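With compact mmCIF, C-alpha atoms inside, this is run_5.txt:
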# COMPACT_ATOMS: atom_id res chain seq x y z
CA MET A 10 -19.60 -27.99 -24.39
CA SER A 11 -20.19 -29.93 -21.21
CA GLY A 12 -16.48 -30.78 -20.99
CA LYS A 13 -15.55 -27.10 -21.22
CA LEU A 14 -18.09 -26.21 -18.56
CA GLN A 15 -16.68 -28.91 -16.30
CA ARG A 16 -13.14 -27.57 -16.71
CA VAL A 17 -14.36 -24.08 -15.85
CA ALA A 18 -16.16 -25.42 -12.79
CA ASP A 19 -12.99 -27.24 -11.69
CA ARG A 20 -10.92 -24.08 -11.74
CA PRO A 21 -10.25 -22.71 -8.24
CA THR A 22 -12.16 -19.52 -7.52
CA ARG A 23 -9.92 -16.54 -6.85
CA ARG A 24 -11.00 -14.18 -4.10
CA LYS A 25 -11.59 -10.59 -5.07
CA PRO A 26 -9.12 -8.36 -3.15
CA SER A 27 -10.63 -6.26 -0.39
CA TRP A 28 -11.04 -2.49 -0.75
CA ARG A 29 -8.62 -2.31 2.18
CA ILE A 30 -5.76 -2.79 -0.27
CA GLY A 31 -6.07 0.95 -0.98
CA TRP A 32 -4.83 1.65 2.56
CA LEU A 33 -1.74 -0.40 1.74
CA ILE A 34 -0.66 1.81 -1.15
CA PRO A 35 0.78 4.67 0.99
CA ALA A 36 2.57 2.08 3.14
CA GLY A 37 4.09 0.54 0.02
CA VAL A 38 5.24 3.97 -1.18
CA ALA A 39 6.80 4.66 2.23
CA LEU A 40 8.62 1.33 2.07
CA ILE A 41 10.05 1.91 -1.42
CA ILE A 42 11.09 5.51 -0.74
CA GLY A 43 12.43 4.54 2.69
CA LEU A 44 14.66 1.91 1.12
CA ASP A 45 15.79 4.46 -1.46
CA ALA A 46 16.67 6.82 1.40
CA GLY A 47 18.67 4.01 2.98
CA LEU A 48 20.78 3.76 -0.16
CA LEU A 49 21.45 7.50 0.00
CA LEU A 50 22.60 7.15 3.61
CA LEU A 51 24.94 4.35 2.54
CA GLY A 52 26.53 6.69 0.02
CA VAL A 53 25.63 4.55 -2.98
CA PRO A 54 23.62 5.51 -6.10
CA ALA A 55 19.85 5.62 -5.57
CA PRO A 56 16.99 6.11 -8.08
CA ILE A 57 15.43 9.04 -6.16
CA THR A 58 17.49 11.81 -4.57
CA MET A 59 15.03 14.22 -2.92
CA ALA A 60 16.74 16.56 -0.46
CA ARG A 61 15.22 15.45 2.83
CA LEU A 62 15.02 11.70 2.25
CA PRO A 63 17.99 10.86 4.52
CA ILE A 64 16.34 12.82 7.34
CA VAL A 65 13.03 10.93 7.15
CA HIS A 66 14.40 7.44 6.39
CA GLY A 67 13.71 5.97 9.84
CA MET A 68 10.23 7.42 10.24
CA LEU A 69 9.22 6.36 6.73
CA LEU A 70 9.98 2.74 7.46
CA THR A 71 8.75 2.69 11.08
CA LEU A 72 5.57 4.76 11.15
CA GLY A 73 4.99 5.27 7.43
CA PHE A 74 5.26 1.55 6.62
CA VAL A 75 5.22 -0.76 9.64
CA ALA A 76 2.77 1.24 11.80
CA THR A 77 0.43 1.75 8.85
CA LEU A 78 0.52 -1.99 8.16
CA ILE A 79 -0.15 -2.94 11.78
CA SER A 80 -2.87 -0.32 12.23
CA LEU A 81 -4.60 -1.63 9.10
CA GLU A 82 -4.55 -5.13 10.56
CA ARG A 83 -5.91 -3.85 13.88
CA ALA A 84 -8.63 -1.82 12.12
CA THR A 85 -9.66 -4.95 10.24
CA ALA A 86 -9.89 -6.83 13.53
CA LEU A 87 -12.04 -4.05 15.00
CA GLY A 88 -14.38 -4.08 12.00
CA ARG A 89 -15.62 -0.49 12.44
CA TRP A 90 -15.25 2.35 9.91
CA TYR A 91 -13.54 4.67 12.37
CA GLY A 92 -10.74 2.15 12.89
CA PHE A 93 -9.42 2.92 9.41
CA ILE A 94 -8.76 6.56 10.30
CA ALA A 95 -5.46 5.55 11.92
CA PRO A 96 -3.88 3.83 8.88
CA ALA A 97 -5.22 6.64 6.66
CA ILE A 98 -3.52 9.38 8.70
CA LEU A 99 -0.31 7.39 9.14
CA GLY A 100 -0.23 6.71 5.42
CA LEU A 101 -0.83 10.40 4.67
CA GLY A 102 1.91 11.39 7.10
CA GLY A 103 4.34 9.04 5.38
CA ILE A 104 3.52 10.54 1.99
CA LEU A 105 3.89 14.11 3.29
CA LEU A 106 7.37 13.25 4.59
CA ILE A 107 8.59 12.76 1.04
CA VAL A 108 6.83 15.75 -0.57
CA ASP A 109 9.45 18.51 -0.46
CA PRO A 110 7.01 21.44 -0.95
CA VAL A 111 5.23 20.43 2.27
CA PRO A 112 7.10 21.82 5.31
CA LEU A 113 8.73 18.97 7.20
CA GLN A 114 7.25 20.25 10.45
CA ILE A 115 3.73 19.81 9.03
CA ALA A 116 4.53 16.27 7.94
CA LYS A 117 5.89 15.48 11.41
CA ILE A 118 2.73 16.78 13.07
CA VAL A 119 0.46 14.76 10.77
CA LEU A 120 2.50 11.62 11.46
CA THR A 121 2.24 12.28 15.21
CA ILE A 122 -1.54 12.66 14.93
CA GLY A 123 -1.58 9.35 13.05
CA ALA A 124 0.40 7.65 15.82
CA ALA A 125 -1.95 9.07 18.46
CA THR A 126 -4.99 7.89 16.47
CA PHE A 127 -3.36 4.47 16.20
CA THR A 128 -3.04 4.41 20.00
CA LEU A 129 -6.72 5.28 20.37
CA LEU A 130 -7.60 2.44 17.98
CA TYR A 131 -6.55 -0.07 20.64
CA ILE A 132 -9.03 1.25 23.21
CA PRO A 133 -12.22 -0.26 21.69
CA LEU A 134 -10.27 -3.43 20.93
CA TRP A 135 -9.19 -3.69 24.56
CA MET A 136 -12.68 -2.88 25.84
CA ARG A 137 -14.00 -5.69 23.68
CA GLN A 138 -11.49 -8.10 25.21
CA TYR A 139 -9.65 -7.19 28.42
CA ASP A 140 -6.46 -8.83 27.30
CA ALA A 141 -2.90 -8.19 28.51
CA PRO A 142 -1.33 -8.57 25.03
CA LEU A 143 -3.72 -5.93 23.68
CA LEU A 144 -2.84 -3.63 26.57
CA THR A 145 0.83 -4.21 25.74
CA GLN A 146 0.19 -3.16 22.13
CA LEU A 147 -1.73 -0.08 23.30
CA LEU A 148 1.21 0.92 25.48
CA ALA A 149 3.62 0.27 22.59
CA ALA A 150 1.61 2.53 20.27
CA GLY A 151 1.67 5.20 22.99
CA LEU A 152 5.46 4.96 23.10
CA ALA A 153 5.56 5.43 19.32
CA THR A 154 3.43 8.55 19.74
CA ILE A 155 5.84 9.96 22.32
CA GLY A 156 8.72 9.24 19.95
CA ALA A 157 6.92 11.10 17.16
CA LEU A 158 6.26 14.02 19.52
CA ILE A 159 9.93 14.21 20.46
CA TRP A 160 10.88 14.15 16.77
CA ILE A 161 8.82 17.28 16.03
CA ASN A 162 11.47 19.47 17.68
CA GLN A 163 14.50 17.30 16.94
CA THR A 164 16.88 17.24 13.99
CA SER A 165 18.60 14.07 15.23
CA MET A 166 16.99 10.65 15.65
CA LEU A 167 19.21 9.63 18.58
CA ARG A 168 16.64 10.36 21.30
CA VAL A 169 13.73 9.25 19.12
CA ILE A 170 14.99 5.82 18.08
CA PRO A 171 14.59 4.07 21.50
CA TRP A 172 10.87 4.93 21.56
CA LEU A 173 10.42 3.54 18.06
CA ILE A 174 12.38 0.42 18.98
CA ALA A 175 10.13 -0.11 22.00
CA PHE A 176 7.06 0.22 19.76
CA LEU A 177 8.28 -2.37 17.27
CA VAL A 178 9.67 -4.85 19.79
CA LEU A 179 6.66 -4.79 22.13
CA THR A 180 4.00 -4.80 19.40
CA ILE A 181 5.50 -7.80 17.62
CA ALA A 182 6.18 -9.63 20.90
CA ALA A 183 2.57 -9.10 22.02
CA GLU A 184 1.27 -10.40 18.69
CA ARG A 185 3.45 -13.49 19.10
CA VAL A 186 1.87 -14.02 22.51
CA GLU A 187 -1.58 -13.74 20.91
CA LEU A 188 -0.67 -16.33 18.28
CA ALA A 189 1.23 -18.73 20.52
CA ARG A 190 -0.32 -18.25 23.96
CA ILE A 191 -1.02 -21.98 24.36
CA SER A 192 2.68 -22.87 24.23
CA MET A 193 3.69 -19.80 26.26
CA GLY A 194 1.36 -20.56 29.16
CA PRO A 195 -1.57 -18.75 30.81
CA ASN A 196 0.60 -15.97 32.27
CA ALA A 197 2.28 -15.07 28.98
CA GLY A 198 0.22 -11.92 28.48
CA ILE A 199 1.05 -10.59 31.95
CA ARG A 200 4.75 -11.27 31.39
CA ALA A 201 4.67 -9.40 28.09
CA LEU A 202 2.91 -6.47 29.79
CA THR A 203 5.48 -6.50 32.61
CA HIS A 204 8.25 -6.21 30.05
CA ALA A 205 6.36 -3.37 28.38
CA TRP A 206 6.29 -1.41 31.63
CA ALA A 207 10.01 -2.13 32.13
CA PHE A 208 10.66 -0.70 28.66
CA THR A 209 8.57 2.37 29.50
CA ILE A 210 10.29 3.06 32.83
CA SER A 211 13.75 2.71 31.27
CA LEU A 212 12.79 5.14 28.49
CA LEU A 213 11.56 7.67 31.03
CA VAL A 214 14.83 7.32 32.96
CA SER A 215 16.77 7.86 29.72
CA LEU A 216 15.19 11.31 29.35
CA VAL A 217 17.16 12.40 32.42
CA TYR A 218 20.03 9.90 32.63
CA GLN A 219 20.54 8.66 29.09
CA GLY A 220 23.29 6.13 29.80
CA ILE A 221 21.51 4.47 32.74
CA GLY A 222 18.16 4.51 30.97
CA LEU A 223 19.47 2.86 27.80
CA MET A 224 21.34 0.25 29.86
CA LEU A 225 18.08 -0.61 31.63
CA PHE A 226 16.37 -0.60 28.24
CA GLY A 227 18.91 -3.11 26.94
CA LEU A 228 18.46 -5.26 30.05
CA SER A 229 14.67 -5.27 29.59
CA MET A 230 15.09 -6.18 25.93
CA LEU A 231 17.50 -8.99 26.80
CA SER A 232 15.04 -10.40 29.33
CA LEU A 233 12.20 -10.27 26.79
CA ALA A 234 14.29 -11.91 24.07
CA ILE A 235 15.37 -14.77 26.32
CA TRP A 236 11.79 -15.34 27.51
CA LEU A 237 10.45 -15.37 23.95
CA ILE A 238 13.10 -17.80 22.73
CA MET A 239 12.45 -20.15 25.65
CA HIS A 240 8.66 -20.21 25.28
CA ASP A 241 7.82 -19.55 21.63
CA VAL A 242 6.46 -22.58 19.79
CA ALA A 243 8.90 -21.80 16.95
CA ARG A 244 11.55 -23.78 18.86
CA ASN A 245 9.55 -26.94 18.16
CA THR A 246 7.98 -26.12 14.80
CA ILE A 247 11.41 -25.51 13.24
CA LYS A 248 11.67 -29.32 13.12
CA GLN A 249 8.70 -29.58 10.78
CA SER A 250 8.62 -28.80 7.06
CA GLY A 251 7.17 -26.41 4.50
CA VAL A 252 5.60 -23.16 5.60
CA THR A 253 5.72 -24.18 9.28
CA ARG A 254 9.50 -24.50 9.22
CA TYR A 255 9.83 -21.31 7.20
CA MET A 256 7.80 -19.28 9.71
CA ALA A 257 9.71 -20.76 12.64
CA ALA A 258 13.07 -19.94 11.05
CA CYS A 259 12.03 -16.33 10.39
CA ILE A 260 10.82 -15.94 13.99
CA LEU A 261 14.00 -17.39 15.48
CA PHE A 262 16.16 -15.22 13.22
CA GLY A 263 14.25 -12.24 14.56
CA TYR A 264 14.89 -13.23 18.16
CA VAL A 265 18.62 -13.62 17.51
CA TRP A 266 18.85 -10.04 16.23
CA LEU A 267 16.82 -8.87 19.21
CA LEU A 268 19.49 -10.44 21.42
CA VAL A 269 22.25 -8.72 19.45
CA ALA A 270 20.64 -5.28 19.86
CA ALA A 271 20.07 -5.87 23.58
CA ALA A 272 23.70 -6.91 24.12
CA ILE A 273 24.99 -3.76 22.43
CA LEU A 274 22.72 -1.50 24.50
CA LEU A 275 23.88 -3.17 27.70
CA PHE A 276 27.49 -2.16 27.14
CA GLU A 277 27.39 1.00 25.07
CA VAL A 278 25.26 4.09 24.56
CA PRO A 279 24.70 4.05 20.77
CA GLU A 280 26.26 7.47 20.15
CA SER A 281 28.98 6.22 17.82
CA GLN A 282 27.96 5.62 14.21
CA GLU A 283 28.87 1.93 14.42
CA ALA A 284 26.90 1.17 17.60
CA TYR A 285 23.92 3.23 16.46
CA ASP A 286 23.83 1.54 13.06
CA ALA A 287 24.15 -1.93 14.58
CA VAL A 288 21.31 -1.46 17.10
CA VAL A 289 18.97 0.25 14.66
CA HIS A 290 19.34 -2.32 11.90
CA ALA A 291 19.39 -5.34 14.19
CA ILE A 292 15.91 -4.22 15.31
CA PHE A 293 14.43 -2.59 12.22
CA LEU A 294 15.71 -5.13 9.72
CA GLY A 295 16.79 -8.21 11.67
CA TYR A 296 13.89 -8.38 14.12
CA THR A 297 11.07 -6.48 12.44
CA PHE A 298 11.40 -7.58 8.83
CA SER A 299 12.15 -11.17 9.78
CA MET A 300 8.83 -11.16 11.68
CA ILE A 301 7.02 -9.52 8.77
CA MET A 302 8.34 -12.21 6.44
CA ALA A 303 7.23 -14.86 8.93
CA HIS A 304 3.62 -13.72 9.17
CA ALA A 305 2.90 -12.24 5.74
CA ASN A 306 1.41 -15.50 4.43
CA THR A 307 -1.19 -15.53 7.20
CA ILE A 308 -1.88 -11.87 8.06
CA LEU A 309 -2.05 -10.29 4.59
CA PRO A 310 -4.64 -12.79 3.25
CA ALA A 311 -6.83 -12.10 6.28
CA VAL A 312 -6.59 -8.32 5.89
CA LEU A 313 -6.64 -7.99 2.10
CA LYS A 314 -8.66 -11.10 1.20
CA ILE A 315 -6.05 -12.33 -1.22
CA ASP A 316 -4.40 -15.71 -1.53
CA LEU A 317 -0.71 -15.55 -0.64
CA PRO A 318 0.39 -19.20 -0.75
CA TYR A 319 3.75 -20.24 0.62
CA ARG A 320 6.42 -21.30 -1.86
CA ALA A 321 9.98 -22.44 -1.33
CA ALA A 322 11.08 -19.22 -3.07
CA PHE A 323 10.26 -17.34 0.15
CA TRP A 324 13.45 -18.77 1.67
CA ALA A 325 15.62 -16.69 -0.68
CA PRO A 326 14.82 -13.22 0.75
CA ILE A 327 14.92 -14.30 4.40
CA VAL A 328 18.30 -16.01 3.98
CA LEU A 329 19.65 -13.06 2.00
CA LEU A 330 18.46 -10.69 4.75
CA GLN A 331 20.44 -12.63 7.37
CA ILE A 332 23.56 -12.58 5.19
CA ALA A 333 23.10 -8.84 4.64
CA LEU A 334 22.86 -8.17 8.38
CA ILE A 335 25.91 -10.29 9.18
CA VAL A 336 27.94 -8.40 6.58
CA ARG A 337 26.64 -5.00 7.70
CA ILE A 338 26.74 -5.42 11.48
CA TRP A 339 29.60 -7.85 12.06
CA ILE A 340 31.93 -6.86 9.23
CA GLY A 341 30.86 -3.27 8.60
CA ASP A 342 30.04 -1.98 12.09
CA GLY A 343 32.01 -4.49 14.16
CA LEU A 344 35.28 -4.40 12.18
CA GLY A 345 34.82 -0.86 10.96
CA LEU A 346 35.02 -1.75 7.26
CA GLN A 347 33.00 0.71 5.21
CA ALA A 348 32.79 -1.67 2.26
CA GLY A 349 31.14 -4.29 4.48
CA TRP A 350 28.71 -1.67 5.80
CA GLN A 351 27.75 -0.60 2.29
CA ILE A 352 27.57 -4.09 0.79
CA GLY A 353 25.50 -5.35 3.71
CA GLY A 354 23.18 -2.36 3.43
CA VAL A 355 22.61 -2.85 -0.29
CA LEU A 356 22.01 -6.58 0.20
CA GLY A 357 19.41 -5.74 2.86
CA VAL A 358 17.53 -3.50 0.43
CA ILE A 359 17.66 -6.23 -2.22
CA ALA A 360 16.36 -8.82 0.28
CA ILE A 361 13.31 -6.72 1.17
CA LEU A 362 12.54 -5.93 -2.47
CA LEU A 363 12.98 -9.62 -3.34
CA PHE A 364 10.50 -10.55 -0.64
CA ALA A 365 7.97 -8.04 -1.98
CA ILE A 366 8.42 -9.37 -5.52
CA THR A 367 8.11 -12.98 -4.30
CA ALA A 368 4.94 -12.18 -2.37
CA VAL A 369 3.30 -10.34 -5.27
CA THR A 370 4.26 -13.11 -7.70
CA SER A 371 2.93 -15.81 -5.38
CA ALA A 372 -0.35 -13.92 -4.98
CA ILE A 373 -0.74 -13.54 -8.76
CA ILE A 374 0.05 -17.18 -9.50
CA GLY A 375 -2.18 -18.41 -6.70
CA PRO A 376 -2.13 -21.79 -4.97
CA SER A 377 -0.07 -24.55 -6.53
CA LYS A 378 -1.76 -27.41 -8.38
CA ARG A 379 -0.95 -29.73 -5.49
CA ILE A 380 -2.77 -27.45 -3.03
CA GLN A 381 -5.69 -27.01 -5.43
CA LYS A 382 -6.02 -30.77 -5.75
CA ARG A 383 -5.87 -31.20 -1.98
CA VAL A 384 -8.61 -28.58 -1.48
CA LYS A 385 -10.77 -30.16 -4.20
CA ASN A 386 -10.43 -33.61 -2.66
CA GLY A 387 -11.21 -32.26 0.78
Please express the file's structure as structure tokens.
Amino acid sequence: MSGKLQRVADRPTRRKPSWRIGWLIPAGVALIIGLDAGLLLLGVPAPITMARLPIVHGMLLTLGFVATLISLERATALGRWYGFIAPAILGLGGILLIVDPVPLQIAKIVLTIGAATFTLLYIPLWMRQYDAPLLTQLLAAGLATIGALIWINQTSMLRVIPWLIAFLVLTIAAERVELARISMGPNAGIRALTHAWAFTISLLVSLVYQGIGLMLFGLSMLSLAIWLIMHDVARNTIKQSGVTRYMAACILFGYVWLLVAAAILLFEVPESQEAYDAVVHAIFLGYTFSMIMAHANTILPAVLKIDLPYRAAFWAPIVLLQIALIVRIWIGDGLGLQAGWQIGGVLGVIAILLFAITAVTSAIIGPSKRIQKRVKNG
């Protein structure tokens, strides 16, 4: 009996997931349905074929998924009940986008309210710590809110997309500054905020002079990308091994696609299908999802109180995502080959689903025996 008790005592204790995982469910639904909508836009078979899915594809993935995820992380950092209003409304807005009986205009308004609430969430965080990266994130959330407001009376995403891009690029860049401020120097936060204001001014100019505004937007993005590449610690940690190298590779992949999007905006207003598709997916897939893959092993455990140990299997989805983007953007959009566009798009969907499956599997299995032994031995 004593031997059995000892074996039970030696087993690693698994943390009970936080109640906050419930806030993640609408975001997960938005991700799955958003990917399904992407398949419809590619003109390939998709499991779900609701009428308005192609119209809401971008907003599902940006505000329904990514913004809900980030707002949940920020609400956790705040540690107050009212902080969770933002991810709740954003999640609800994402769900309403895919419910056909609900008028699309109502869903748009709810999503806009969610974005505005998300912006307000940053105010107590900033008052707690007068920090330039937090101010940058507040401004970025405000830009997302303006984008959502514009979308209420728009049928096209062309004028909305730059505001969403600014939200994603600036929020992720500011979080990188928070995580790597030692390597980036004491003025890193101010530089990130300066870029945020440059993004904002260029977007305001684009409302009147679209071509000039988007060119300035591309120039601001190029400047930010170059600065991040030069100062991010990922340049050095890529030389290490294990999870450190994996995270660094994901981050650097993201910066490369940020450069690609900036270069396109510098020379062309993304009105053609090819330019639009290349910019949108370089940012939304290449930059954003590469960064999500980089930080999932550290952020999700902190928010959801689950173990999400790194495994070598995580390399498969990130590598597949880069291949998918090369096929879609360089072969499909660049050379004008529809087959490349479709194949790259499908591979991108598979890469994201593979990452989700890998993450869930890793969480269920838990830490490897080697890690358990290391923890036990101190």
I'd like a table as a tab-separated table: residues in range 159-263 of chain A with an atom no more than 6 Å from range 292-314 of chain A, each row giving the shortest atom pair and its distance in Å to one decimal, all atoms listed in the file counted, sorted by chain and rising residue number.
residue	atom	partner	partner_atom	distance
A:Met256	CA	A:Ala303	CA	4.5
A:Cys259	CA	A:Ser299	CA	5.2
A:Ile260	CA	A:Met300	CA	5.7
A:Gly263	CA	A:Tyr296	CA	3.9
Note to self: I'd like the interatomic distance between CA of Ala207 in chain A and CA of Leu173 in chain A, to a tenth of an Å.
What the structure shows: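 Going from CA of Ala207 in chain A over to CA of Leu173 in chain A, I get 15.2 Å.
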Checklist line | Shell of 9 Å around Glu184 in chain A, only C-alpha atoms, local chain residues under 5 positions omitted, as an NGL selection string | finding: :A and (142-143 or 146 or 179 or 189)
Item checked: Close residues, range 98-107 of chain A itself excluded, 6 Å, all atoms listed in the file, min 3 positions apart in chain, as a ChimeraX atom specification -> /A:35-36,39,69,73,77,95,116,119-120,123
Notebook entry, point to check: Quick one: residues within 9 Å of Gly343 in chain A, all atoms listed in the file counted, chain neighbours fewer than 4 positions away excluded, as a ChimeraX atom specification?
Noted result: /A:283-284,287,337-339
Notebook entry, point to check: Quick one: residues within 12 Å of Leu158 in chain A, all atoms listed in the file counted, chain neighbours fewer than 2 positions away excluded, as a PyMOL selection string?
Noted result: chain A and resi 114+116-125+151-156+160-163+166+168-169+172-173
Next item on the list: For Pro63 in chain A, work out the shell of residues within 9 Å, counting all atoms listed in the file and skipping chain neighbours fewer than 3 positions away, then give it as a ChimeraX atom specification.
Entry: /A:43,46-50,59-60,66-67
So that I have them on file, write out the residues from the current selection with C-alpha atoms, as a PDB file, in the frame of the given file.
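Written file, result29.pdb:
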ATOM      1  CA  GLY A  43      12.430   4.540   2.690  1.00  0.00           C
ATOM      2  CA  ALA A  46      16.670   6.820   1.400  1.00  0.00           C
ATOM      3  CA  GLY A  47      18.670   4.010   2.980  1.00  0.00           C
ATOM      4  CA  LEU A  48      20.780   3.760  -0.160  1.00  0.00           C
ATOM      5  CA  LEU A  49      21.450   7.500   0.000  1.00  0.00           C
ATOM      6  CA  LEU A  50      22.600   7.150   3.610  1.00  0.00           C
ATOM      7  CA  MET A  59      15.030  14.220  -2.920  1.00  0.00           C
ATOM      8  CA  ALA A  60      16.740  16.560  -0.460  1.00  0.00           C
ATOM      9  CA  HIS A  66      14.400   7.440   6.390  1.00  0.00           C
ATOM     10  CA  GLY A  67      13.710   5.970   9.840  1.00  0.00           C
TER      11      GLY A  67
END
